>>> print(open('coords-v9.cif').read())   # mmCIF, C-alpha atoms and all ligand atoms
data_coords
#
loop_
_atom_site.group_PDB
_atom_site.id
_atom_site.type_symbol
_atom_site.label_atom_id
_atom_site.label_comp_id
_atom_site.auth_asym_id
_atom_site.auth_seq_id
_atom_site.Cartn_x
_atom_site.Cartn_y
_atom_site.Cartn_z
ATOM 1 C CA MET W 197 -23.966 -10.216 53.631
ATOM 2 C CA ASP W 198 -27.303 -8.773 52.406
ATOM 3 C CA ALA W 199 -28.823 -9.979 49.109
ATOM 4 C CA PRO W 200 -28.457 -7.395 46.309
ATOM 5 C CA SER W 201 -31.422 -5.108 45.940
ATOM 6 C CA ASP W 202 -33.779 -5.535 42.959
ATOM 7 C CA ALA W 203 -32.433 -2.379 41.389
ATOM 8 C CA LEU W 204 -28.840 -3.597 41.736
ATOM 9 C CA ARG W 205 -29.756 -7.045 40.400
ATOM 10 C CA GLN W 206 -31.481 -5.511 37.383
ATOM 11 C CA MET W 207 -28.487 -3.292 36.723
ATOM 12 C CA LEU W 208 -26.113 -6.269 36.898
ATOM 13 C CA VAL W 209 -28.316 -8.267 34.504
ATOM 14 C CA ARG W 210 -28.501 -5.294 32.134
ATOM 15 C CA GLN W 211 -24.742 -4.793 32.233
ATOM 16 C CA LEU W 212 -24.117 -8.457 31.660
ATOM 17 C CA SER W 213 -26.468 -8.595 28.721
ATOM 18 C CA ASN W 214 -25.011 -5.373 27.302
ATOM 19 C CA SER W 215 -21.520 -6.798 27.373
ATOM 20 C CA GLN W 216 -22.827 -10.060 25.929
ATOM 21 C CA ILE W 217 -24.478 -8.151 23.135
ATOM 22 C CA LYS W 218 -21.262 -6.223 22.593
ATOM 23 C CA ASN W 219 -19.274 -9.450 22.452
ATOM 24 C CA ARG W 220 -21.726 -10.977 20.009
ATOM 25 C CA VAL W 221 -21.567 -7.912 17.763
ATOM 26 C CA GLN W 222 -17.784 -7.932 17.953
ATOM 27 C CA ASP W 223 -17.615 -11.656 17.135
ATOM 28 C CA TYR W 224 -20.036 -11.175 14.281
ATOM 29 C CA THR W 225 -18.247 -8.200 12.744
ATOM 30 C CA MET W 226 -14.683 -9.396 13.413
ATOM 31 C CA PRO W 227 -14.162 -11.162 10.048
ATOM 32 C CA TYR W 228 -15.351 -8.001 8.257
ATOM 33 C CA ARG W 229 -13.156 -5.699 10.370
ATOM 34 C CA GLU W 230 -10.193 -7.998 9.866
ATOM 35 C CA LEU W 231 -10.739 -8.007 6.113
ATOM 36 C CA MET W 232 -10.962 -4.195 5.999
ATOM 37 C CA SER W 233 -7.734 -3.993 7.953
ATOM 38 C CA TYR W 234 -5.985 -6.264 5.409
ATOM 39 C CA TYR W 235 -7.285 -4.038 2.603
ATOM 40 C CA ARG W 236 -5.891 -0.984 4.402
ATOM 41 C CA CYS W 237 -2.490 -2.711 4.577
ATOM 42 C CA ALA W 238 -2.658 -3.566 0.867
ATOM 43 C CA MET W 239 -3.471 0.056 -0.008
ATOM 44 C CA MET W 240 -0.467 1.201 2.027
ATOM 45 C CA GLU W 241 1.762 -1.233 0.115
ATOM 46 C CA VAL W 242 0.525 -0.014 -3.274
ATOM 47 C CA GLU W 243 0.731 3.631 -2.247
ATOM 48 C CA THR W 244 4.320 3.102 -1.111
ATOM 49 C CA LYS W 245 5.201 1.501 -4.447
ATOM 50 C CA PHE W 246 3.972 4.602 -6.293
ATOM 51 C CA ASN W 247 5.790 6.924 -3.893
ATOM 52 C CA VAL W 248 9.002 4.983 -4.502
ATOM 53 C CA LEU W 249 8.496 5.184 -8.283
ATOM 54 C CA ASN W 250 7.809 8.910 -8.042
ATOM 55 C CA GLU W 251 10.977 9.442 -6.026
ATOM 56 C CA GLU W 252 13.121 7.503 -8.481
ATOM 57 C CA LEU W 253 11.531 8.911 -11.637
ATOM 58 C CA SER W 254 11.735 12.483 -10.378
ATOM 59 C CA LEU W 255 15.529 12.083 -10.320
ATOM 60 C CA MET W 256 15.578 10.566 -13.807
ATOM 61 C CA TYR W 257 13.303 13.131 -15.476
ATOM 62 C CA ASP W 258 13.783 16.126 -13.215
ATOM 63 C CA ARG W 259 10.030 16.301 -12.564
ATOM 64 C CA ASN W 260 7.449 14.307 -10.601
ATOM 65 C CA PRO W 261 5.295 12.188 -12.923
ATOM 66 C CA ILE W 262 2.800 11.772 -10.043
ATOM 67 C CA GLU W 263 0.825 14.798 -8.899
ATOM 68 C CA SER W 264 -0.816 12.943 -5.990
ATOM 69 C CA VAL W 265 -1.765 9.500 -4.703
ATOM 70 C CA LYS W 266 -5.032 8.998 -2.823
ATOM 71 C CA SER W 267 -6.369 5.853 -1.198
ATOM 72 C CA ARG W 268 -9.888 5.013 -0.178
ATOM 73 C CA LEU W 269 -11.571 2.050 1.413
ATOM 74 C CA LYS W 270 -15.045 1.499 0.006
ATOM 75 C CA SER W 271 -17.669 2.565 2.558
ATOM 76 C CA PRO W 272 -19.858 -0.127 4.185
ATOM 77 C CA GLU W 273 -22.900 1.467 2.462
ATOM 78 C CA SER W 274 -21.267 1.200 -0.999
ATOM 79 C CA ILE W 275 -20.209 -2.376 -0.250
ATOM 80 C CA VAL W 276 -23.790 -3.292 0.695
ATOM 81 C CA ASP W 277 -25.160 -1.529 -2.420
ATOM 82 C CA LYS W 278 -22.746 -3.366 -4.700
ATOM 83 C CA ALA W 279 -23.293 -6.730 -2.989
ATOM 84 C CA VAL W 280 -27.055 -6.318 -3.401
ATOM 85 C CA ARG W 281 -26.649 -5.185 -7.033
ATOM 86 C CA LYS W 282 -24.489 -8.206 -7.827
ATOM 87 C CA GLY W 283 -26.696 -10.549 -5.795
ATOM 88 C CA ILE W 284 -23.817 -11.913 -3.740
ATOM 89 C CA PRO W 285 -23.932 -13.082 -0.113
ATOM 90 C CA PHE W 286 -22.950 -10.473 2.423
ATOM 91 C CA SER W 287 -20.190 -12.394 4.169
ATOM 92 C CA ALA W 288 -16.540 -11.322 4.451
ATOM 93 C CA GLU W 289 -15.558 -14.350 2.366
ATOM 94 C CA SER W 290 -17.983 -13.528 -0.427
ATOM 95 C CA ILE W 291 -17.078 -9.823 -0.415
ATOM 96 C CA GLU W 292 -13.403 -10.680 -0.793
ATOM 97 C CA LYS W 293 -14.089 -13.180 -3.553
ATOM 98 C CA ASN W 294 -16.572 -11.136 -5.579
ATOM 99 C CA LEU W 295 -15.685 -7.460 -5.147
ATOM 100 C CA SER W 296 -12.378 -6.201 -6.512
ATOM 101 C CA ASP W 297 -12.617 -2.530 -5.618
ATOM 102 C CA ILE W 298 -12.892 -2.509 -1.836
ATOM 103 C CA ALA W 299 -9.385 -1.038 -1.670
ATOM 104 C CA GLY W 300 -8.768 1.726 -4.181
ATOM 105 C CA VAL W 301 -5.648 3.712 -4.947
ATOM 106 C CA ARG W 302 -5.950 6.660 -7.295
ATOM 107 C CA VAL W 303 -2.802 7.975 -8.928
ATOM 108 C CA ILE W 304 -3.049 11.404 -10.520
ATOM 109 C CA CYS W 305 -0.396 11.843 -13.188
ATOM 110 C CA SER W 306 0.944 14.859 -15.021
ATOM 111 C CA PHE W 307 0.680 13.606 -18.615
ATOM 112 C CA PRO W 308 -1.201 10.731 -20.308
ATOM 113 C CA GLY W 309 2.136 9.090 -21.160
ATOM 114 C CA ASP W 310 3.006 8.982 -17.445
ATOM 115 C CA ILE W 311 -0.036 6.798 -16.826
ATOM 116 C CA TYR W 312 1.264 4.004 -19.059
ATOM 117 C CA MET W 313 4.843 4.400 -17.884
ATOM 118 C CA LEU W 314 3.757 4.072 -14.228
ATOM 119 C CA ALA W 315 1.355 1.193 -14.927
ATOM 120 C CA ASP W 316 4.143 -0.719 -16.699
ATOM 121 C CA ALA W 317 6.583 0.031 -13.879
ATOM 122 C CA LEU W 318 4.104 -1.267 -11.301
ATOM 123 C CA LEU W 319 3.215 -4.390 -13.253
ATOM 124 C CA ARG W 320 6.890 -5.286 -13.795
ATOM 125 C CA GLN W 321 7.333 -5.709 -10.023
ATOM 126 C CA ASP W 322 7.488 -9.385 -9.248
ATOM 127 C CA ASP W 323 5.182 -9.329 -6.203
ATOM 128 C CA ILE W 324 2.364 -7.770 -8.240
ATOM 129 C CA THR W 325 -0.116 -9.885 -10.203
ATOM 130 C CA LEU W 326 -2.405 -8.257 -12.734
ATOM 131 C CA ILE W 327 -5.958 -9.594 -12.388
ATOM 132 C CA GLU W 328 -7.768 -7.239 -14.761
ATOM 133 C CA ARG W 329 -7.007 -4.193 -16.893
ATOM 134 C CA LYS W 330 -9.656 -1.763 -18.182
ATOM 135 C CA ASP W 331 -8.309 0.971 -20.420
ATOM 136 C CA TYR W 332 -10.933 3.709 -20.389
ATOM 137 C CA ILE W 333 -8.388 6.049 -21.993
ATOM 138 C CA LYS W 334 -7.961 4.130 -25.222
ATOM 139 C CA SER W 335 -11.681 3.223 -25.040
ATOM 140 C CA PRO W 336 -13.440 5.949 -23.028
ATOM 141 C CA LYS W 337 -16.849 5.158 -21.535
ATOM 142 C CA PRO W 338 -19.741 6.503 -23.655
ATOM 143 C CA ASN W 339 -20.238 9.299 -21.089
ATOM 144 C CA GLY W 340 -16.618 10.468 -21.599
ATOM 145 C CA TYR W 341 -15.052 8.882 -18.492
ATOM 146 C CA ARG W 342 -11.328 8.269 -18.913
ATOM 147 C CA SER W 343 -8.885 6.450 -16.618
ATOM 148 C CA LEU W 344 -6.730 3.363 -16.666
ATOM 149 C CA HIS W 345 -8.041 0.792 -14.170
ATOM 150 C CA LEU W 346 -5.896 -2.083 -12.938
ATOM 151 C CA ILE W 347 -7.021 -4.728 -10.509
ATOM 152 C CA VAL W 348 -3.834 -6.064 -8.970
ATOM 153 C CA GLU W 349 -3.069 -8.585 -6.288
ATOM 154 C CA ILE W 350 -0.356 -7.741 -3.784
ATOM 155 C CA PRO W 351 1.024 -9.650 -0.778
ATOM 156 C CA ILE W 352 0.740 -8.211 2.697
ATOM 157 C CA PHE W 353 3.133 -9.620 5.256
ATOM 158 C CA LEU W 354 1.385 -10.313 8.573
ATOM 159 C CA HIS W 355 3.134 -11.484 11.746
ATOM 160 C CA ASN W 356 2.643 -15.183 10.994
ATOM 161 C CA ARG W 357 1.602 -15.425 7.347
ATOM 162 C CA THR W 358 1.382 -13.724 3.995
ATOM 163 C CA ARG W 359 -1.957 -12.854 2.480
ATOM 164 C CA ARG W 360 -2.639 -11.709 -1.071
ATOM 165 C CA MET W 361 -5.139 -8.867 -1.429
ATOM 166 C CA LYS W 362 -6.813 -7.225 -4.416
ATOM 167 C CA VAL W 363 -6.483 -3.490 -4.951
ATOM 168 C CA GLU W 364 -8.064 -1.381 -7.684
ATOM 169 C CA VAL W 365 -5.602 1.162 -9.061
ATOM 170 C CA GLN W 366 -7.042 4.047 -11.056
ATOM 171 C CA LEU W 367 -4.485 6.074 -13.004
ATOM 172 C CA ARG W 368 -5.573 9.324 -14.601
ATOM 173 C CA THR W 369 -4.334 12.791 -15.469
ATOM 174 C CA ILE W 370 -5.302 15.965 -13.630
ATOM 175 C CA ALA W 371 -7.794 16.747 -16.408
ATOM 176 C CA MET W 372 -9.360 13.260 -16.263
ATOM 177 C CA ASP W 373 -9.578 13.516 -12.472
ATOM 178 C CA TRP W 374 -11.091 16.979 -12.594
ATOM 179 C CA TRP W 375 -13.782 15.722 -14.997
ATOM 180 C CA ALA W 376 -14.499 12.502 -13.050
ATOM 181 C CA SER W 377 -14.773 14.356 -9.726
ATOM 182 C CA LEU W 378 -17.222 16.896 -11.097
ATOM 183 C CA GLU W 379 -19.184 14.333 -13.095
ATOM 184 C CA HIS W 380 -19.443 12.247 -9.907
ATOM 185 C CA LYS W 381 -21.055 15.247 -8.182
ATOM 186 C CA ILE W 382 -23.295 16.173 -11.084
ATOM 187 C CA ARG W 383 -24.467 12.918 -12.554
ATOM 188 C CA TYR W 384 -22.724 9.591 -11.790
ATOM 189 C CA LYS W 385 -25.251 7.134 -10.336
ATOM 190 C CA LYS W 386 -27.874 9.872 -10.080
ATOM 191 C CA ASN W 387 -31.158 9.527 -11.887
ATOM 192 C CA ILE W 388 -31.490 12.874 -13.559
ATOM 193 C CA ALA W 389 -34.717 13.357 -15.467
ATOM 194 C CA ASP W 390 -34.190 14.445 -19.072
ATOM 195 C CA ASP W 391 -30.477 13.818 -18.896
ATOM 196 C CA GLY W 392 -29.818 14.436 -22.598
ATOM 197 C CA HIS W 393 -28.414 17.949 -22.485
ATOM 198 C CA VAL W 394 -26.396 17.317 -19.297
ATOM 199 C CA ALA W 395 -24.921 14.150 -20.825
ATOM 200 C CA GLU W 396 -23.990 15.973 -24.010
ATOM 201 C CA GLU W 397 -22.334 18.798 -22.101
ATOM 202 C CA LEU W 398 -20.367 16.416 -19.892
ATOM 203 C CA LEU W 399 -19.199 14.417 -22.889
ATOM 204 C CA HIS W 400 -18.100 17.629 -24.567
ATOM 205 C CA CYS W 401 -16.158 18.683 -21.436
ATOM 206 C CA ALA W 402 -14.473 15.248 -21.277
ATOM 207 C CA GLU W 403 -13.366 15.612 -24.887
ATOM 208 C CA MET W 404 -12.022 19.107 -24.220
ATOM 209 C CA GLY W 405 -10.088 17.706 -21.257
ATOM 210 C CA ALA W 406 -8.615 14.938 -23.417
ATOM 211 C CA ALA W 407 -7.629 17.444 -26.103
ATOM 212 C CA LEU W 408 -5.926 19.627 -23.478
ATOM 213 C CA ASP W 409 -4.039 16.612 -22.147
ATOM 214 C CA GLN W 410 -2.737 15.800 -25.625
ATOM 215 C CA ARG W 411 -1.783 19.397 -26.254
ATOM 216 C CA MET W 412 0.061 19.819 -22.957
ATOM 217 C CA GLU W 413 1.893 16.555 -23.494
ATOM 218 C CA GLY W 414 2.842 17.782 -26.978
ATOM 219 C CA VAL W 415 4.250 20.978 -25.501
ATOM 220 C CA TYR W 416 6.173 18.979 -22.907
ATOM 221 C CA ARG W 417 7.663 16.659 -25.513
ATOM 222 C CA GLU W 418 8.648 19.635 -27.691
ATOM 223 C CA THR W 419 10.465 21.340 -24.851
ATOM 224 C CA THR W 420 11.856 18.457 -22.872
ATOM 225 C CA GLY W 421 11.627 15.150 -24.691
ATOM 226 C CA ALA W 422 10.008 11.749 -24.302
ATOM 227 C CA ILE W 423 8.049 10.306 -21.414
ATOM 228 C CA GLY W 424 9.485 6.995 -20.249
ATOM 229 C CA ASP W 425 10.772 4.387 -22.694
ATOM 230 C CA ASP W 426 7.513 3.782 -24.538
ATOM 231 C CA ALA W 427 5.692 7.030 -24.134
ATOM 232 C CA SER W 428 2.882 6.405 -26.602
ATOM 233 C CA CYS W 429 -0.684 6.807 -25.383
HETATM 234 P P1 LIG V 501 -17.054 5.072 -6.169
HETATM 235 O O1 LIG V 501 -18.060 5.998 -5.586
HETATM 236 O O2 LIG V 501 -15.919 5.807 -6.849
HETATM 237 O O3 LIG V 501 -16.552 4.011 -5.227
HETATM 238 P P2 LIG V 501 -17.103 -4.018 -11.726
HETATM 239 O O4 LIG V 501 -16.381 -3.629 -10.454
HETATM 240 O O5 LIG V 501 -16.188 -4.493 -12.809
HETATM 241 O O6 LIG V 501 -18.245 -4.927 -11.440
HETATM 242 P P3 LIG V 501 -17.609 -1.256 -12.000
HETATM 243 O O7 LIG V 501 -17.630 -1.020 -10.514
HETATM 244 O O8 LIG V 501 -18.567 -0.409 -12.799
HETATM 245 O O9 LIG V 501 -17.837 -2.749 -12.321
HETATM 246 O O10 LIG V 501 -16.110 -1.070 -12.501
HETATM 247 P P4 LIG V 501 -15.409 0.101 -13.272
HETATM 248 O O11 LIG V 501 -16.074 0.416 -14.544
HETATM 249 O O12 LIG V 501 -13.982 -0.327 -13.335
HETATM 250 O O13 LIG V 501 -15.590 1.368 -12.322
HETATM 251 C C1 LIG V 501 -15.088 1.371 -11.030
HETATM 252 C C2 LIG V 501 -14.848 2.767 -10.507
HETATM 253 O O14 LIG V 501 -14.405 3.650 -11.540
HETATM 254 C C3 LIG V 501 -16.067 3.469 -9.944
HETATM 255 O O15 LIG V 501 -16.222 3.056 -8.628
HETATM 256 C C4 LIG V 501 -15.685 4.947 -10.051
HETATM 257 O O16 LIG V 501 -14.756 5.311 -9.042
HETATM 258 C C5 LIG V 501 -14.950 4.955 -11.375
HETATM 259 N N1 LIG V 501 -15.882 5.200 -12.476
HETATM 260 C C6 LIG V 501 -16.269 4.306 -13.408
HETATM 261 N N2 LIG V 501 -17.097 4.878 -14.287
HETATM 262 C C7 LIG V 501 -17.225 6.161 -13.932
HETATM 263 C C8 LIG V 501 -17.972 7.274 -14.466
HETATM 264 O O17 LIG V 501 -18.655 7.176 -15.467
HETATM 265 N N3 LIG V 501 -17.848 8.468 -13.799
HETATM 266 C C9 LIG V 501 -17.088 8.600 -12.686
HETATM 267 N N4 LIG V 501 -17.047 9.816 -12.110
HETATM 268 N N5 LIG V 501 -16.398 7.572 -12.136
HETATM 269 C C10 LIG V 501 -16.473 6.376 -12.753
HETATM 270 P P5 LIG V 501 -17.671 2.997 -7.987
HETATM 271 O O18 LIG V 501 -17.626 1.935 -6.955
HETATM 272 O O19 LIG V 501 -18.723 2.853 -9.032
HETATM 273 O O20 LIG V 501 -17.883 4.371 -7.325
#
>>> encode(input="coords-v9.cif", output="structure tokens", more="lines below")
Ligand code: 0O2
Amino acid sequence: MDAPSDALRQMLVRQLSNSQIKNRVQDYTMPYRELMSYYRCAMMEVETKFNVLNEELSLMYDRNPIESVKSRLKSPESIVDKAVRKGIPFSAESIEKNLSDIAGVRVICSFPGDIYMLADALLRQDDITLIERKDYIKSPKPNGYRSLHLIVEIPIFLHNRTRRMKVEVQLRTIAMDWWASLEHKIRYKKNIADDGHVAEELLHCAEMGAALDQRMEGVYRETTGAIGDDASC
């Protein structure tokens, strides 16, 4: 049998090294990809819990307290930005330990009272552990941002073990979501020169949104009744 030609030999070497490089990259990124997959599973679990609550509560109150549920996995770019900002090592282990908002579930509710009712209903479930609660509704951010943030830990059941994962749950009304989405586009994390007027306007809009929420909830209570057992907000 003839020896392989130079061109063939070079091609074989190139192919071999390409696949080696591919294997190396795969080995190197596997822990990260595995972690992201676990976060995706945890988001599905949390999303399902809210869908179940919505189903049950819609029978009880004859309306859906949840307008929509959205999930998002933080992008690699945002993870890198945050890791750099916090000065933490960029390993899968460190990301899992130090960042709590890789998996995010956003629950858009009809009325402010629904937010607290749903948060309580979630936190009563015995497989959920509350890690942190930030109530930006009772104490809005100085820029006007409102939402209830919960960092929870939830088990995901894999084929041979159970793993507990952190998920950030943001609960907000349609008005709070509308404001946050637009503010995100206009200003959040952007360095706007001479921001004073923009900031003032956005704060004013946030306050108008909050007033509308209160008013609509008032109308709802007048016509239909209470929200949940402890509907205060
Ligand atoms: P993105 O683009 O939504 O992913 P910590 O995690 O405690 O170190 P952090 O991240 O400031 O500090 O926590 P916080 O305050 O709970 O905010 C987390 C998320 O809430 C943000 O995620 C936003 O989604 C939302 N958020 C907080 N403040 C504002 C705000 O002023 N305006 C808007 N539009 N959203 C806000 P990310 O990762 O910052 O951004």
>>> resolve_selection(input="coords-v9.cif", expression="the PyMOL selection byres (((chain W and resi 249) around 10) and not hetatm)", output="list in words")
Glu243, Thr244, Lys245, Phe246, Asn247, Val248, Asn250, Glu251, Glu252, Leu253, Ser254, Asn260, Pro261, Ile262, Leu314, Ala317 and Leu318 of chain W
>>> closest_residue(input="coords-v9.cif", among="W:Gly300, W:Gly424, W:Gly405, W:Pro227", to="ligand LIG 501 (chain V)", atoms="only C-alpha atoms and all ligand atoms")
W:Gly300
>>> resolve_selection(input="coords-v9.cif", expression="the PyMOL selection byres (((not hetatm)) within 9 of (chain V and resi 501))", output="JSON, numbers by chain")
{"W": [268, 269, 270, 271, 274, 275, 278, 282, 294, 295, 296, 297, 298, 300, 329, 330, 332, 337, 338, 339, 340, 341, 342, 343, 344, 345, 346, 347, 364, 366, 373, 375, 376, 377, 378, 379, 380, 381, 382, 383, 384, 385]}
>>> residues_around(input="coords-v9.cif", residues="Thr420 of chain W", least_positions_apart="6", cutoff="12 Å", atoms="all atoms listed in the file", output="list of chain:residue names")
W:Tyr257, W:Asp258, W:Arg259, W:Met412, W:Glu413, W:Gly414
>>> write_last_selection(input="coords-v9.cif", atoms="C-alpha atoms", output="short mmCIF file (atom, residue, chain, number, x, y, z; two decimals), in the coordinates of the input")
data_model
loop_
_atom_site.label_atom_id
_atom_site.label_comp_id
_atom_site.auth_asym_id
_atom_site.auth_seq_id
_atom_site.Cartn_x
_atom_site.Cartn_y
_atom_site.Cartn_z
CA TYR W 257 13.30 13.13 -15.48
CA ASP W 258 13.78 16.13 -13.22
CA ARG W 259 10.03 16.30 -12.56
CA MET W 412 0.06 19.82 -22.96
CA GLU W 413 1.89 16.56 -23.49
CA GLY W 414 2.84 17.78 -26.98
#
>>> atom_distance(input="coords-v9.cif", atom1="atom CA of Pro308 of chain W", atom2="atom CA of Met404 of chain W")
14.2 Å
>>> decode(input="coords-v9.cif", residues="segment 346-366 of chain W", atoms="N, CA and C atoms", output="mmCIF file, in the first residue's frame")
data_model
loop_
_atom_site.group_PDB
_atom_site.id
_atom_site.type_symbol
_atom_site.label_atom_id
_atom_site.label_comp_id
_atom_site.auth_asym_id
_atom_site.auth_seq_id
_atom_site.Cartn_x
_atom_site.Cartn_y
_atom_site.Cartn_z
ATOM 1 N N LEU W 346 -37.530 37.467 45.055
ATOM 2 C CA LEU W 346 -37.260 36.360 45.975
ATOM 3 C C LEU W 346 -36.139 35.521 45.373
ATOM 4 N N ILE W 347 -35.137 35.242 46.169
ATOM 5 C CA ILE W 347 -34.176 34.215 45.743
ATOM 6 C C ILE W 347 -34.605 32.951 46.473
ATOM 7 N N VAL W 348 -34.959 31.939 45.707
ATOM 8 C CA VAL W 348 -35.393 30.684 46.339
ATOM 9 C C VAL W 348 -34.488 29.546 45.880
ATOM 10 N N GLU W 349 -34.479 28.506 46.692
ATOM 11 C CA GLU W 349 -33.751 27.301 46.315
ATOM 12 C C GLU W 349 -34.782 26.204 46.097
ATOM 13 N N ILE W 350 -34.612 25.462 45.019
ATOM 14 C CA ILE W 350 -35.606 24.442 44.664
ATOM 15 C C ILE W 350 -34.863 23.166 44.241
ATOM 16 N N PRO W 351 -35.387 21.986 44.606
ATOM 17 C CA PRO W 351 -34.697 20.767 44.159
ATOM 18 C C PRO W 351 -35.039 20.419 42.714
ATOM 19 N N ILE W 352 -34.037 19.947 41.996
ATOM 20 C CA ILE W 352 -34.341 19.345 40.683
ATOM 21 C C ILE W 352 -33.959 17.870 40.801
ATOM 22 N N PHE W 353 -34.800 17.032 40.243
ATOM 23 C CA PHE W 353 -34.623 15.588 40.411
ATOM 24 C C PHE W 353 -33.993 15.009 39.154
ATOM 25 N N LEU W 354 -32.692 14.696 39.240
ATOM 26 C CA LEU W 354 -31.952 14.150 38.101
ATOM 27 C C LEU W 354 -32.045 12.615 38.141
ATOM 28 N N HIS W 355 -31.475 11.944 37.149
ATOM 29 C CA HIS W 355 -31.709 10.490 37.079
ATOM 30 C C HIS W 355 -31.099 9.739 38.266
ATOM 31 N N ASN W 356 -30.025 10.304 38.859
ATOM 32 C CA ASN W 356 -29.389 9.546 39.946
ATOM 33 C C ASN W 356 -29.169 10.366 41.213
ATOM 34 N N ARG W 357 -29.663 11.607 41.219
ATOM 35 C CA ARG W 357 -29.482 12.432 42.417
ATOM 36 C C ARG W 357 -30.408 13.635 42.366
ATOM 37 N N THR W 358 -30.462 14.310 43.504
ATOM 38 C CA THR W 358 -31.250 15.541 43.594
ATOM 39 C C THR W 358 -30.265 16.682 43.791
ATOM 40 N N ARG W 359 -30.545 17.789 43.138
ATOM 41 C CA ARG W 359 -29.640 18.931 43.253
ATOM 42 C C ARG W 359 -30.482 20.156 43.598
ATOM 43 N N ARG W 360 -30.016 20.987 44.484
ATOM 44 C CA ARG W 360 -30.787 22.187 44.824
ATOM 45 C C ARG W 360 -30.202 23.372 44.062
ATOM 46 N N MET W 361 -31.094 24.129 43.402
ATOM 47 C CA MET W 361 -30.640 25.242 42.565
ATOM 48 C C MET W 361 -31.316 26.545 43.001
ATOM 49 N N LYS W 362 -30.578 27.653 42.831
ATOM 50 C CA LYS W 362 -31.163 28.956 43.163
ATOM 51 C C LYS W 362 -31.857 29.565 41.935
ATOM 52 N N VAL W 363 -33.003 30.165 42.205
ATOM 53 C CA VAL W 363 -33.743 30.851 41.138
ATOM 54 C C VAL W 363 -34.184 32.211 41.676
ATOM 55 N N GLU W 364 -34.015 33.250 40.872
ATOM 56 C CA GLU W 364 -34.537 34.562 41.268
ATOM 57 C C GLU W 364 -35.951 34.702 40.705
ATOM 58 N N VAL W 365 -36.897 34.968 41.596
ATOM 59 C CA VAL W 365 -38.284 35.174 41.159
ATOM 60 C C VAL W 365 -38.590 36.662 41.306
ATOM 61 N N GLN W 366 -39.018 37.264 40.236
ATOM 62 C CA GLN W 366 -39.431 38.682 40.288
ATOM 63 C C GLN W 366 -40.940 38.706 40.098
#
